[in-house]
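Text of the file target_19.cif, holding mmCIF, C-alpha atoms:
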data_coords
#
loop_
_atom_site.label_atom_id
_atom_site.label_comp_id
_atom_site.auth_asym_id
_atom_site.auth_seq_id
_atom_site.Cartn_x
_atom_site.Cartn_y
_atom_site.Cartn_z
CA MET A 1 29.21 -26.11 -0.63
CA PRO A 2 25.54 -26.04 -1.74
CA ALA A 3 24.29 -22.96 -3.52
CA ALA A 4 22.08 -20.55 -1.62
CA THR A 5 18.35 -20.92 -2.11
CA HIS A 6 16.00 -18.01 -2.72
CA PRO A 7 12.25 -17.73 -2.21
CA ARG A 8 10.06 -18.40 -5.22
CA LEU A 9 6.42 -17.51 -4.97
CA ARG A 10 3.26 -16.68 -6.87
CA VAL A 11 1.90 -13.17 -6.35
CA ALA A 12 -1.26 -11.34 -7.40
CA ALA A 13 -2.17 -7.70 -7.97
CA VAL A 14 -5.86 -6.85 -7.67
CA GLN A 15 -7.60 -4.73 -10.30
CA ALA A 16 -11.19 -4.27 -9.16
CA ALA A 17 -13.77 -1.83 -7.82
CA PRO A 18 -14.77 -1.81 -4.15
CA VAL A 19 -18.38 -1.61 -3.07
CA PHE A 20 -18.02 2.10 -2.47
CA ALA A 21 -18.43 3.34 1.12
CA ASP A 22 -19.69 -0.09 2.27
CA ILE A 23 -17.14 -1.77 4.52
CA ASP A 24 -18.99 -5.07 4.96
CA ALA A 25 -19.72 -5.60 1.28
CA THR A 26 -16.16 -4.65 0.32
CA ILE A 27 -14.74 -7.10 2.85
CA ASP A 28 -16.99 -9.77 1.33
CA LYS A 29 -15.51 -8.93 -2.08
CA THR A 30 -11.99 -8.87 -0.63
CA ILE A 31 -12.37 -12.38 0.76
CA ALA A 32 -13.86 -13.62 -2.54
CA LEU A 33 -10.80 -12.30 -4.41
CA MET A 34 -8.51 -13.87 -1.79
CA GLU A 35 -10.28 -17.20 -2.31
CA GLN A 36 -9.85 -16.89 -6.08
CA ALA A 37 -6.15 -16.16 -5.63
CA ALA A 38 -5.60 -19.01 -3.19
CA ALA A 39 -7.28 -21.45 -5.57
CA ASP A 40 -4.70 -20.41 -8.19
CA GLY A 41 -1.76 -21.05 -5.89
CA VAL A 42 -1.08 -17.40 -5.00
CA GLN A 43 0.89 -16.84 -1.79
CA LEU A 44 0.77 -13.02 -1.64
CA ILE A 45 -2.12 -10.84 -2.82
CA ALA A 46 -2.06 -7.04 -2.90
CA PHE A 47 -5.05 -4.66 -2.95
CA PRO A 48 -5.23 -1.02 -4.15
CA GLU A 49 -4.92 2.21 -2.19
CA THR A 50 -7.93 2.81 0.11
CA TRP A 51 -9.57 -0.35 -1.28
CA ILE A 52 -11.70 -0.31 1.87
CA PRO A 53 -14.07 1.52 1.61
CA GLY A 54 -12.91 3.01 -1.75
CA TYR A 55 -11.05 6.14 -2.76
CA PRO A 56 -12.88 9.37 -1.79
CA TRP A 57 -13.25 10.76 -5.31
CA TRP A 58 -15.64 13.53 -4.21
CA ILE A 59 -12.64 15.55 -2.99
CA TRP A 60 -11.66 16.10 -6.65
CA LEU A 61 -15.23 16.75 -7.79
CA THR A 62 -16.94 19.08 -5.31
CA PRO A 63 -16.26 22.10 -3.09
CA PRO A 64 -15.48 21.08 0.51
CA ALA A 65 -18.90 22.19 1.78
CA LEU A 66 -20.72 19.90 -0.66
CA GLY A 67 -18.26 17.08 -0.01
CA MET A 68 -19.30 17.08 3.64
CA ALA A 69 -22.29 15.00 2.57
CA TRP A 70 -19.93 12.02 2.23
CA VAL A 71 -17.81 12.56 5.33
CA GLN A 72 -19.69 10.66 8.02
CA ARG A 73 -20.54 7.71 5.79
CA TYR A 74 -16.92 7.42 4.70
CA PHE A 75 -15.68 7.75 8.29
CA ASP A 76 -18.09 5.12 9.58
CA ASN A 77 -17.10 2.67 6.83
CA SER A 78 -13.36 3.08 7.32
CA LEU A 79 -11.43 0.21 8.86
CA VAL A 80 -10.26 0.10 12.50
CA ILE A 81 -7.12 -1.96 13.08
CA GLY A 82 -8.04 -4.59 15.66
CA GLY A 83 -11.78 -4.20 15.09
CA ALA A 84 -14.25 -6.94 14.16
CA GLU A 85 -14.06 -6.17 10.43
CA PHE A 86 -10.26 -6.29 10.54
CA GLN A 87 -10.46 -9.65 12.28
CA ARG A 88 -12.52 -11.05 9.39
CA LEU A 89 -9.59 -10.33 7.08
CA ARG A 90 -7.07 -11.89 9.44
CA ASP A 91 -9.26 -14.98 9.74
CA ALA A 92 -9.52 -15.26 5.95
CA ALA A 93 -5.74 -14.98 5.53
CA ARG A 94 -5.21 -17.73 8.09
CA ARG A 95 -7.89 -19.99 6.58
CA LEU A 96 -6.56 -19.57 3.05
CA LYS A 97 -2.86 -19.67 4.07
CA LEU A 98 -2.41 -16.45 2.11
CA TRP A 99 -0.37 -13.30 2.74
CA LEU A 100 -2.51 -10.16 2.39
CA ALA A 101 -1.27 -6.64 1.57
CA LEU A 102 -4.31 -4.43 2.06
CA GLY A 103 -4.91 -0.78 1.22
CA PHE A 104 -7.54 0.93 3.36
CA SER A 105 -8.79 4.09 4.98
CA GLU A 106 -7.73 3.64 8.61
CA ARG A 107 -9.99 5.09 11.30
CA ALA A 108 -8.09 5.88 14.50
CA ALA A 109 -10.12 7.78 17.09
CA GLY A 110 -11.36 10.89 15.27
CA SER A 111 -8.98 10.85 12.29
CA LEU A 112 -8.52 8.94 9.05
CA TYR A 113 -5.26 7.86 7.40
CA ILE A 114 -4.37 6.33 4.04
CA ALA A 115 -3.04 3.03 5.33
CA GLN A 116 -1.65 -0.33 4.34
CA ALA A 117 -1.46 -3.55 6.32
CA LEU A 118 0.59 -6.69 5.79
CA ILE A 119 -1.08 -9.78 7.25
CA ASP A 120 0.71 -13.13 7.09
CA ASP A 121 -0.62 -16.58 6.27
CA GLN A 122 -1.21 -17.25 9.97
CA GLY A 123 -3.47 -14.22 10.28
CA LEU A 124 -0.89 -12.12 12.16
CA LEU A 125 -0.55 -8.40 11.48
CA ARG A 126 3.10 -8.09 10.52
CA ARG A 127 3.08 -4.40 9.63
CA SER A 128 0.74 -1.45 9.33
CA ARG A 129 1.74 1.88 7.87
CA ARG A 130 0.29 5.23 6.84
CA LYS A 131 0.98 7.42 3.82
CA LEU A 132 3.48 10.01 4.99
CA LYS A 133 1.82 12.95 3.24
CA PRO A 134 -1.60 12.74 1.60
CA THR A 135 -1.53 14.22 -1.88
CA HIS A 136 -3.13 17.59 -2.69
CA VAL A 137 -6.87 17.52 -1.79
CA GLU A 138 -6.45 14.20 0.05
CA ARG A 139 -5.28 16.38 2.93
CA THR A 140 -8.91 17.48 3.46
CA VAL A 141 -9.72 13.90 4.53
CA PHE A 142 -6.56 12.20 5.79
CA GLY A 143 -3.80 12.85 8.30
CA ASP A 144 -0.03 12.32 7.95
CA GLY A 145 2.07 9.28 8.71
CA ASP A 146 5.52 9.46 10.31
CA GLY A 147 9.03 8.05 10.00
CA SER A 148 8.06 4.65 11.38
CA ASP A 149 5.99 4.16 8.22
CA LEU A 150 9.12 3.84 6.07
CA THR A 151 9.95 0.32 7.18
CA VAL A 152 10.64 -2.87 5.25
CA THR A 153 9.46 -6.09 6.91
CA ALA A 154 11.61 -9.21 6.85
CA THR A 155 9.44 -12.27 6.13
CA ALA A 156 9.80 -15.84 4.93
CA LEU A 157 8.68 -14.61 1.50
CA GLY A 158 11.35 -11.90 1.35
CA ASN A 159 11.79 -8.34 2.54
CA ILE A 160 8.49 -6.53 1.86
CA GLY A 161 7.93 -2.78 1.69
CA MET A 162 4.83 -0.74 0.85
CA LEU A 163 3.97 2.73 -0.45
CA ASN A 164 0.82 4.42 -1.72
CA CYS A 165 0.28 6.30 -4.98
CA TRP A 166 2.40 9.44 -5.28
CA GLU A 167 4.73 8.32 -2.52
CA HIS A 168 6.39 6.77 -5.58
CA LEU A 169 7.29 10.30 -6.68
CA GLN A 170 9.12 11.00 -3.39
CA PRO A 171 12.79 10.14 -4.08
CA LEU A 172 13.91 10.12 -0.45
CA SER A 173 11.05 7.89 0.72
CA LYS A 174 11.89 5.43 -2.03
CA TYR A 175 15.56 5.47 -1.11
CA ALA A 176 14.71 4.77 2.53
CA LEU A 177 13.06 1.49 1.48
CA TYR A 178 15.76 0.56 -1.01
CA ALA A 179 18.32 0.95 1.77
CA GLN A 180 16.53 -1.69 3.86
CA ASP A 181 17.18 -4.37 1.20
CA GLU A 182 13.61 -4.32 -0.09
CA GLN A 183 12.92 -7.32 -2.34
CA ILE A 184 9.15 -7.18 -2.87
CA HIS A 185 7.44 -3.81 -3.08
CA ILE A 186 3.68 -3.26 -2.84
CA GLY A 187 2.89 -0.09 -4.77
CA ALA A 188 -0.84 0.58 -4.28
CA TRP A 189 -2.79 2.97 -6.51
CA PRO A 190 -6.36 4.23 -6.92
CA SER A 191 -7.81 4.13 -10.42
CA PHE A 192 -6.37 6.53 -13.00
CA SER A 193 -9.74 8.08 -13.79
CA ILE A 194 -9.68 11.68 -12.72
CA TYR A 195 -9.39 14.71 -15.05
CA PRO A 196 -8.84 12.67 -18.24
CA GLY A 197 -6.88 14.55 -20.87
CA ALA A 198 -6.36 17.56 -18.62
CA ALA A 199 -3.89 16.35 -15.97
CA HIS A 200 -1.29 14.10 -17.58
CA ALA A 201 0.52 13.59 -14.27
CA LEU A 202 -2.59 11.90 -12.83
CA GLY A 203 -2.96 9.49 -15.75
CA PRO A 204 -1.87 5.90 -16.34
CA GLU A 205 1.15 6.59 -18.53
CA VAL A 206 3.01 8.56 -15.85
CA ASN A 207 1.98 6.47 -12.89
CA THR A 208 2.58 3.01 -14.32
CA ALA A 209 5.97 4.40 -15.33
CA ALA A 210 6.57 5.36 -11.69
CA SER A 211 5.97 1.75 -10.65
CA ARG A 212 8.24 0.46 -13.40
CA VAL A 213 11.04 2.87 -12.53
CA TYR A 214 10.71 1.86 -8.87
CA ALA A 215 11.39 -1.76 -9.88
CA ALA A 216 14.43 -0.90 -12.01
CA GLU A 217 15.77 1.74 -9.62
CA GLY A 218 15.40 -0.37 -6.46
CA GLN A 219 16.08 -3.70 -8.19
CA CYS A 220 13.04 -5.29 -6.58
CA PHE A 221 9.79 -6.89 -7.64
CA VAL A 222 6.89 -4.43 -7.73
CA ILE A 223 3.30 -5.54 -7.26
CA ALA A 224 1.12 -2.57 -8.23
CA PRO A 225 -2.59 -3.15 -7.60
CA CYS A 226 -4.94 -0.54 -9.03
CA ALA A 227 -8.64 0.08 -8.40
CA VAL A 228 -11.44 0.52 -10.93
CA VAL A 229 -14.25 3.08 -10.86
CA SER A 230 -17.39 1.01 -11.38
CA PRO A 231 -20.50 2.34 -13.13
CA ALA A 232 -22.27 2.26 -9.74
CA MET A 233 -19.52 4.38 -8.15
CA HIS A 234 -19.60 6.81 -11.07
CA ALA A 235 -23.36 7.23 -10.81
CA ALA A 236 -23.22 7.80 -7.03
CA LEU A 237 -20.35 10.30 -7.11
CA CYS A 238 -21.10 12.14 -10.36
CA THR A 239 -24.56 13.66 -10.22
CA GLU A 240 -23.74 16.74 -12.35
CA PRO A 241 -22.67 16.82 -16.02
CA LEU A 242 -19.29 18.41 -15.23
CA GLN A 243 -18.55 15.75 -12.60
CA GLN A 244 -19.38 13.06 -15.14
CA GLN A 245 -16.68 14.51 -17.38
CA LEU A 246 -14.10 14.92 -14.61
CA LEU A 247 -14.25 11.32 -13.38
CA GLN A 248 -14.47 8.44 -15.84
CA PRO A 249 -15.47 4.82 -15.20
CA GLY A 250 -12.69 2.26 -15.42
CA GLY A 251 -9.15 3.50 -14.87
CA GLY A 252 -7.69 0.16 -13.78
CA HIS A 253 -4.01 -0.25 -14.65
CA ALA A 254 -2.62 -2.92 -12.30
CA ARG A 255 0.90 -4.12 -13.07
CA ILE A 256 3.61 -6.51 -11.85
CA TYR A 257 7.26 -5.73 -12.65
CA GLY A 258 10.53 -7.57 -12.22
CA PRO A 259 13.73 -6.06 -10.77
CA ASP A 260 14.92 -5.18 -14.28
CA GLY A 261 11.66 -3.37 -15.07
CA ALA A 262 10.24 -6.23 -17.14
CA GLU A 263 6.45 -6.58 -17.18
CA LEU A 264 5.58 -9.98 -15.68
CA ALA A 265 1.80 -10.19 -16.15
CA THR A 266 -0.52 -9.38 -19.03
CA PRO A 267 -2.52 -6.22 -18.18
CA LEU A 268 -6.31 -6.28 -18.02
CA ALA A 269 -8.52 -3.83 -19.89
CA PRO A 270 -8.93 -0.61 -17.84
CA ASP A 271 -12.57 -1.38 -17.04
CA ALA A 272 -12.02 -5.09 -16.32
CA GLU A 273 -11.86 -6.64 -12.86
CA GLY A 274 -9.63 -9.53 -11.92
CA LEU A 275 -6.18 -10.61 -10.78
CA LEU A 276 -2.79 -10.16 -12.40
CA ILE A 277 -0.69 -13.16 -11.38
CA ALA A 278 3.04 -13.79 -11.73
CA ASP A 279 5.62 -16.27 -10.47
CA ILE A 280 8.68 -14.54 -9.06
CA ASP A 281 12.14 -15.75 -8.09
CA LEU A 282 14.00 -13.52 -5.66
CA GLY A 283 17.30 -15.01 -6.83
CA VAL A 284 17.25 -12.86 -9.98
CA ILE A 285 17.54 -9.71 -7.88
CA ALA A 286 21.27 -10.37 -7.70
CA LEU A 287 21.52 -9.99 -11.47
CA ALA A 288 19.92 -6.55 -11.36
CA LYS A 289 21.98 -5.47 -8.33
CA HIS A 290 25.15 -6.53 -10.13
CA ALA A 291 24.66 -3.70 -12.62
CA ALA A 292 23.49 -0.89 -10.33
CA ASP A 293 22.79 -0.96 -6.61
CA PRO A 294 21.89 2.61 -5.56
CA VAL A 295 22.39 1.87 -1.85
CA GLY A 296 25.51 -0.27 -2.31
CA HIS A 297 28.32 -0.32 -4.86
CA TYR A 298 26.61 2.27 -7.08
CA ALA A 299 26.22 4.79 -4.23
CA ARG A 300 28.47 7.72 -3.37
CA PRO A 301 27.86 8.28 0.36
CA ASP A 302 30.75 10.72 0.46
CA VAL A 303 28.67 12.98 -1.82
CA THR A 304 24.99 12.32 -0.93
CA ARG A 305 23.36 10.54 2.00
CA LEU A 306 19.83 10.26 3.39
CA LEU A 307 18.95 11.34 6.93
CA LEU A 308 16.02 9.18 8.05
CA ASN A 309 14.06 9.72 11.27
CA ARG A 310 12.03 6.57 11.89
CA SER A 311 10.67 7.66 15.26
CA PRO A 312 6.89 7.27 15.69
CA GLY A 313 5.01 10.56 15.87
CA HIS A 314 3.39 10.11 19.28
CA ARG A 315 0.84 12.85 19.94
CA VAL A 316 1.04 12.79 23.75
CA MET A 317 3.94 12.08 26.09
CA ASN A 318 3.49 11.92 29.86
CA ALA A 319 6.27 13.12 32.17
CA VAL A 320 5.76 10.63 35.01
CA GLU A 321 7.89 12.55 37.46
CA ALA A 322 10.51 15.25 37.31
CA GLY A 323 13.69 14.10 35.68
CA SER A 324 12.27 10.74 34.54
CA PRO A 325 11.97 9.60 30.92
CA PHE A 326 8.78 10.44 29.11
CA GLU A 327 6.14 7.72 28.88
CA VAL A 328 4.05 7.31 25.74
CA ILE A 329 0.35 7.39 26.60
CA SER A 330 -1.04 7.88 23.12
CA GLY A 331 0.26 5.63 20.37
CA ARG A 332 -0.47 4.90 16.73
CA GLY A 333 -3.54 2.72 17.21
CA ALA A 334 -1.92 -0.42 15.74
CA GLU A 335 -0.58 -3.46 17.51
CA CYS A 336 1.86 -5.77 15.75
CA PRO A 337 3.34 -9.04 17.00
CA PRO A 338 6.79 -8.99 18.59
CA PRO A 339 9.67 -8.93 16.11
CA PRO A 340 11.28 -12.27 15.25
CA ALA A 341 14.14 -13.43 17.42
CA GLY A 342 17.26 -11.43 16.69
CA ASP A 343 15.42 -8.34 15.45
CA ASP A 344 15.82 -5.09 17.31
CA ALA A 345 13.58 -2.05 17.36
CA ASP A 346 15.38 -0.49 14.42
CA SER A 347 15.62 -3.54 12.17
CA PRO A 348 13.53 -3.93 9.00
CA GLY A 349 11.59 -6.85 10.49
CA ALA A 350 10.57 -5.17 13.73
CA GLY A 351 6.88 -4.69 14.51
CA ARG A 352 5.46 -1.24 15.06
#
If you convert what's in this file into structure tokens, what do you get?
Amino acid sequence: MPAATHPRLRVAAVQAAPVFADIDATIDKTIALMEQAAADGVQLIAFPETWIPGYPWWIWLTPPALGMAWVQRYFDNSLVIGGAEFQRLRDAARRLKLWLALGFSERAAGSLYIAQALIDDQGLLRRSRRKLKPTHVERTVFGDGDGSDLTVTATALGNIGMLNCWEHLQPLSKYALYAQDEQIHIGAWPSFSIYPGAAHALGPEVNTAASRVYAAEGQCFVIAPCAVVSPAMHAALCTEPLQQQLLQPGGGHARIYGPDGAELATPLAPDAEGLLIADIDLGVIALAKHAADPVGHYARPDVTRLLLNRSPGHRVMNAVEAGSPFEVISGRGAECPPPPAGDDADSPGAGR
């Protein structure tokens, strides 16, 4: 009997600065980085948290009233799923035959969400998700996700899951993805630039460790793209001396880890832009799982179990007539292709 075969692929984590609050210019840069990756044989490229149109650093630097000066520009330059700008990215993925894991600020009607999208090499949107709970002052800009956002997508490359930033400090959210046989994890981060020396938990040592622990704990490959604060961004956002101290240029700490926690790509300097590239073999996951599988043989479900509600958080339900089931009339603003044959609505590969 022939041995089973496992996907082998080349992956890339982006470490770069967006063109802050400029959706068109950042999409131009996104496509240029995709082209660079494709030329190097990459099959899956991952971009940082809120790469489009950049992370809203003013929320950490100014009182809310002063931060309002950025609100409309940021809103207008956020990405609409299904819009013309989104289509440019789908077209690029199809042209380059490249899978794209994108971090972005999603604009849906009057609200923004910290979002991620997985687009396949045919340009199809395979999954979109939102950060379940924006962190600290992020809640002044972004809304919450819901249980449907903790979903692993079955693909020809492997089972792919995604989280943003401090979602990697949420043990139950991590476990929900581990339990869906996650093999490749996209862990997207903004730059580690804020409050240097004063807030250790926001710095690179803690947060790269969170990505590494995710890999070893979930026995999966972790692609952890990380943004950079460019000198132009710093100058635009930091107009006062104190602000210039609170946010530093650079802060890029992209990483790629194997399922045993091994570092698979040489890091770039924190102020450098480029791609971290690694070749991965999903067959080695079995070696890591053999030692400790937290959702399998190393679990104790008789002692602890996770209750997971993956229902979408629909805002409006319409009672069509008395006694009839409710009809959803206001959804999540994202349309995904039908799930592959054999998938059901609750399977890891199902569309949203």
Hey, which bits of segment 3-62 of chain A sit within 12 Å of segment 126-144 of chain A, and for each residue what's the closest pair of atoms and how far apart in Å (one decimal), counting all atoms listed in the file, rows by chain and increasing number, as CSV?
residue,atom,partner,partner_atom,distance
A:Glu49,CA,A:Lys131,CA,9.9
A:Thr50,CA,A:Lys131,CA,10.7
A:Tyr55,CA,A:Glu138,CA,9.7
A:Pro56,CA,A:Glu138,CA,8.2
A:Trp57,CA,A:Glu138,CA,9.3
A:Trp58,CA,A:Val137,CA,9.9
A:Ile59,CA,A:Val137,CA,6.2
A:Trp60,CA,A:Val137,CA,7.0
A:Leu61,CA,A:Val137,CA,10.3
A:Thr62,CA,A:Val137,CA,10.8
Q: Measuring atom to atom with only C-alpha atoms, identify which of A:Glu35, A:Glu217, A:Glu205, A:Glu85 is nearest to Lys174 of chain A.
A: A:Glu217
Q: Quote the spacing between atom CA of Leu96 of chain A and atom CA of Phe20 of chain A in Å to one decimal place.
A: 25.1 Å
Q: Mind giving me the straight-line distance from atom CA of Gln219 of chain A to atom CA of Ala117 of chain A in Å, one decimal?
A: 22.8 Å
Q.
Just to confirm, what's the straight-line distance from atom CA of His168 of chain A to atom CA of Ala12 of chain A in Å (one decimal)?
A.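 Here the two named atoms are 19.7 Å from each other.
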Q.
Using all atoms listed in the file for the distances, tell me which of A:Ala46, A:Val303, A:Leu169, A:Ile27 is nearest to Val11 of chain A.
A.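 Smallest distance to Val11 of chain A is found for A:Ala46.
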Q | Given only C-alpha atoms as the counted atoms, nearest of A:Asn164, A:Thr151, A:Thr239, A:Ser191 to Ser105 of chain A | A |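 Closest residue, counting only C-alpha atoms: A:Asn164.
Distances from A:Gln180, A:Gln248, A:Asn159, A:Ser148 to Gly203 of chain A were compared using all atoms listed in the file, and the smallest one belongs to A:Gln248.
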Q. Restricting the calculation to only C-alpha atoms, which member of A:Ser111, A:Gln170, A:Gln43, A:Gln183 is positioned closest to His6 of chain A?
A.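 The closest residue to His6 of chain A is A:Gln183.
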Q: Identify the residues around (10.6, 2.7, -14.4) within a radius of 12 Å, measuring from all atoms listed in the file in the coordinates stated by the file, and give them as a ChimeraX atom specification.
A: /A:168-169,205-222,255-263
Q: Go through A:Trp70, A:Gly110, A:Leu100, A:Arg94 and flag the residue nearest Gln122 of chain A, using all atoms listed in the file for the distances.
A: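 Residue with the minimum atom-to-atom distance to Gln122 of chain A: A:Arg94.
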Q. In file coordinates, which residues lie within 10 Å of (16.4, 4.1, 4.2) using all atoms listed in the file, given as JSON, numbers by chain?
A. {"A": [150, 151, 152, 172, 173, 174, 175, 176, 177, 178, 179, 180, 181, 182, 295, 305, 306, 307, 308, 309, 310, 348]}
Q: Spell out the residues picked by the PyMOL selection byres ((chain A and resi 195) around 9) here, as an MDAnalysis selection string.
A: chainID A and resid 60 192:194 196:200 202:203 245:248
